Amino acid sequence: MADHLLEVQDLHTVFPTKDGVVKAVDGVSFHLDPGETLGIVGESGSGKSVTVLSVMRLLQRPGRIASGRILYKGRDLAKASDPEMQEIRGEEIAMIFQDPMTSMNPVFKTGWQVGEPLRLHKNFDAKKALKEAVGFLHKVGIPEADKRADQYPHEFSGGMRQRAMIAMGLSTGPNVLIADEPTTALDVTIQAQILDLLRKVNHDFGTATILITHNLGVVAGMCERVMVMYAGKVAEQGPTEDVFANPKHPYTWSLLRSIPRLDAQEHEPLRAIEGLPPDLINPPTGCPFHPRCPFRIDRCIREMPPLEPVGPTQLATCWVTQAGRDLNEAAS
Amino acid sequence: MSTEAPARPKLTKAWTAAEPILEVRGLKTYFPVTAGMLQRTVAHVRAVDGVDLTVRQGETLGLVGESGCGKSTLGRSILRLVEPTEGQVIFKGEDLTRLGAAEMRRVRRDMAMIFQDPYASLDPRQTVGEIIGEPLDIHHLYTNKRQRQERIHELLRVVGLNPNFNNRYPHEFSGGQRQRIGIARALAVDPSFIVCDEPISALDVSIQAQIINLLERLQDQFNLTYLFIAHDLSVVKHISDRIAVMYLGKVVELAAAGELYRSPKHPYTGSLLSAIPIPDPKVERGRQRIILKGDVPSPVNPPSGCRFRTRCFKAQDKCAQEVPPLDTVDGHEAACFFPLQGDER
Ligand SMILES: Nc1ncnc2c1ncn2[C@@H]1O[C@H](COP(=O)(O)OP(=O)(O)OP(=O)(O)O)[C@@H](O)[C@H]1O
Ligand SMILES: Nc1ncnc2c1ncn2[C@@H]1O[C@H](COP(=O)(O)OP(=O)(O)OP(=O)(O)O)[C@@H](O)[C@H]1O
Ligand SMILES: [Mg+2]
Ligand SMILES: [Mg+2]
């Protein structure tokens, strides 16, 4: 097997709560290669954020990794010490969040904050860090970066704060950039600016990127590969083009047919996914999607399918497609 | 109950011939910005700044634009949930801005609003039955308790909820179910016109289609007219007959949904369309994008002339000096001196 830059194997992350144990991530495996962009999609609560927070070892209490391996350049981050993780987070893997306001400190000037990883991890003095920070603010498209560096985060618009976060993430030259819903809080035209910037970063710096989103359009335009999650598990993964053209999991298939497309010619009725998202404390038996699945067979109610190859490029957790059925054909 | 929408053709002749149910003329809604110890008014947020619109009986008019451009304020001004500063709102031939409180209450029986946030818009201490029953009480829409109860059950069934949910509280429901409760409440007064303010934005993608289909089915069933506000242009295009595009308090373009998508005239509409990702990797790869520079300016001090000129790639001197009027060519309205040409789209 080829060595991947990042390889997550059978990750289980749990949150013990008073109502029971939330199996937020329940057996997730994926990999990331240098320079590529991997999309993670799935509905609210499906475990996207907890997956990457586990990788970064930034889980909130009482969350913990119950089992699994997180191999980064061959090292298992699931077992790394706190100081080791601090170094990894500062220099190797950077993360940006949905709401940059909560991840920036309101009492420090933006330039100071963007320069912080450089002072901490590269031993830059204050002056040199600031100069470098201004350079990065400029690179991410903030006009008059030297003046802006002297302002506080609340003086920035949402789009500018997200740019500043990206600048901060990039400053130490990480190999991996994890962006968790980086544009969800932004307007469409600002979203387009930020996505354009992320494309440029990936292209110019060769930074491998994990992009979490619930927007299938964003994945279509940004990611070479995609992982679809449902109820803490991988529904399917594969090259974006294959997954969109020929989904191998009924959840992906249903989702793609339920969203309106801007380029639709006719007014076609949307085919809604019936039923409700799953309860993670008392998940359904067998495959968690079975109560909503139009292709369900008896086995799905009893037994969870493993993640296995379906077709030449995709992996899916579905008894129906693993048995060789094509969803598009089966539906017609 | 099925949430499948009827396969009805959009853009039939029906609405082009239909009577206007609502006409908005020169509508302005300003909010004071106060400062100092005396809270003196030092400026105004020009949230809605001269809007003209016609909504026809039975149609869905979509309203899109970026955050803060005045969509909600326009919707709320029409229902007089905020007081317009200037202009007219003519609903079924009557200027609502001139009505007194009692007359306005009569009109409110014919109009309703569905809100964005199904969590915040329902009172957590009220049961579902109380929430839906409240508008029935306010407008005295029943003669005895049994009638009231029957109406509540009927409304729950209409939106696809179990009538036995009557005594439960909002927190016992999912987001999509809560939005259905909000819709049932809006329908309680049997309105003919509903302002839907981002009714699906707070919902999970997998649930959104259920609500869109429900709104479409109810429209057919009860001959409703919708003003449908959203920032997701794909959804708006799907549900609307015509679409109005707003920028900083003004309508900059208005056309039939398909026409707006095929041949946008205002550069803002063009850039908005090109910013919407399409869930198809093959289409996305070949797409040309117009990426706008900068942010939306403040509605307290909007730019002179055309408000979009500071971000517009076609702006010229004239755009800073004169306000472009909303001109109509073949039923397609646009407010631009230099509209997009064929290959710029
Ligand atoms: N601190 C916590 N305590 C208890 N449960 C938690 C905690 N954090 C997350 N969870 C649960 O873990 C599950 C996965 O959450 P996660 O945040 O990964 O979802 P997500 O896919 O990122 O969703 P979203 O799209 O809403 O961001 C959810 O059911 C959530 O309620
Ligand atoms: N009650 C109010 N007092 C003062 N300013 C207000 C008030 N309501 C809205 N505004 C301002 O008016 C402008 C238009 O707001 P509005 O809520 O109508 O925008 P919107 O288009 O609905 O935005 P969004 O997409 O974020 O919902 C904004 O600048 C807003 O801050
Ligand atoms: Mg998340
Ligand atoms: Mg609004």
# chains A, B, ... in the order shown; residues from 1 in each chain; ligands from 1
>>> residues_around(residues="stretch 66-71 of chain A", least_positions_apart="2", cutoff="9 Å", atoms="only C-alpha atoms", output="list in words")
His4, Leu5, Leu6, Glu7, Val8, Gln9, Asp10, Leu11, His12, Thr13, Val14, Gly27, Val28, Ser29, Ser54, Val55, Arg64, Lys73, Gly74, Arg75, Asp76, Leu77, Ala78 and Lys79 of chain A
>>> select_by_dssp(residues="stretch 148-262 of chain A", states="strand (DSSP E)", output="list in words")
Val176, Leu177, Ile178, Ala179, Asp180, Ala208, Thr209, Ile210, Leu211, Ile212, Arg225, Val226, Met227, Val228, Met229, Tyr230, Lys233, Val234, Ala235, Glu236, Gln237, Gly238 and Pro239 of chain A
>>> residues_around(residues="A:Asn215", least_positions_apart="3", cutoff="9 Å", atoms="only C-alpha atoms", output="list in words")
Val41, Gly42, Thr184, Ile212, Val218, Val219 and Ala220 of chain A; Val205, Pro277 and Pro279 of chain B
>>> closest_residue(among="A:Ser332, A:Thr252, A:Thr37, A:Gln322", to="chain B", atoms="only C-alpha atoms")
A:Thr252
>>> closest_atom_pairs(of="chain B", to="chain A", cutoff="7 Å", atoms="only C-alpha atoms", output="CSV")
residue,atom,partner,partner_atom,distance
B:Glu4,CA,A:Arg271,CA,6.7
B:Ala5,CA,A:Pro269,CA,5.6
B:Pro6,CA,A:Pro269,CA,6.9
B:Ala7,CA,A:Pro269,CA,5.9
B:Pro9,CA,A:His267,CA,6.5
B:Lys10,CA,A:His267,CA,6.2
B:Glu66,CA,A:Asp187,CA,5.9
B:Ser67,CA,A:Asp187,CA,6.5
B:Asp204,CA,A:Glu43,CA,6.3
B:Val205,CA,A:Glu43,CA,6.8
B:Ser206,CA,A:Ile273,CA,6.0
B:Ile207,CA,A:Ile273,CA,6.9
B:Ala209,CA,A:Ala272,CA,4.8
B:Gln210,CA,A:Ala272,CA,5.2
B:Asn213,CA,A:Leu270,CA,6.9
B:Ser234,CA,A:Leu262,CA,4.4
B:Val235,CA,A:Pro260,CA,5.8
B:Lys237,CA,A:Leu262,CA,6.8
B:His238,CA,A:Pro260,CA,6.2
B:Leu272,CA,A:Thr189,CA,6.3
B:Ala275,CA,A:Ala192,CA,5.4
B:Ile276,CA,A:Val188,CA,6.7
B:Pro277,CA,A:Gly217,CA,4.4
B:Ile278,CA,A:Gly217,CA,4.5
B:Pro279,CA,A:Gly217,CA,3.7
B:Asp280,CA,A:Ala220,CA,5.5
B:Pro281,CA,A:Ala220,CA,4.3
B:Glu284,CA,A:Gly221,CA,5.1
B:Arg285,CA,A:Gly221,CA,6.5
B:Ile291,CA,A:Gln193,CA,6.2
B:Leu292,CA,A:Thr189,CA,6.5
>>> residues_around(residues="stretch 227-233 of chain A", least_positions_apart="3", cutoff="7 Å", atoms="only C-alpha atoms", output="ChimeraX atom specification")
/A:23-28,39-43,46-47,236-238,278,280,288
>>> atom_distance(atom1="atom CA of A:Leu211", atom2="atom CA of A:Ala179")
5.0 Å
>>> residues_around(residues="B:Arg307", least_positions_apart="6", cutoff="9 Å", atoms="only C-alpha atoms", output="PyMOL selection string")
chain B and resi 247-248+250+297+319-320+323
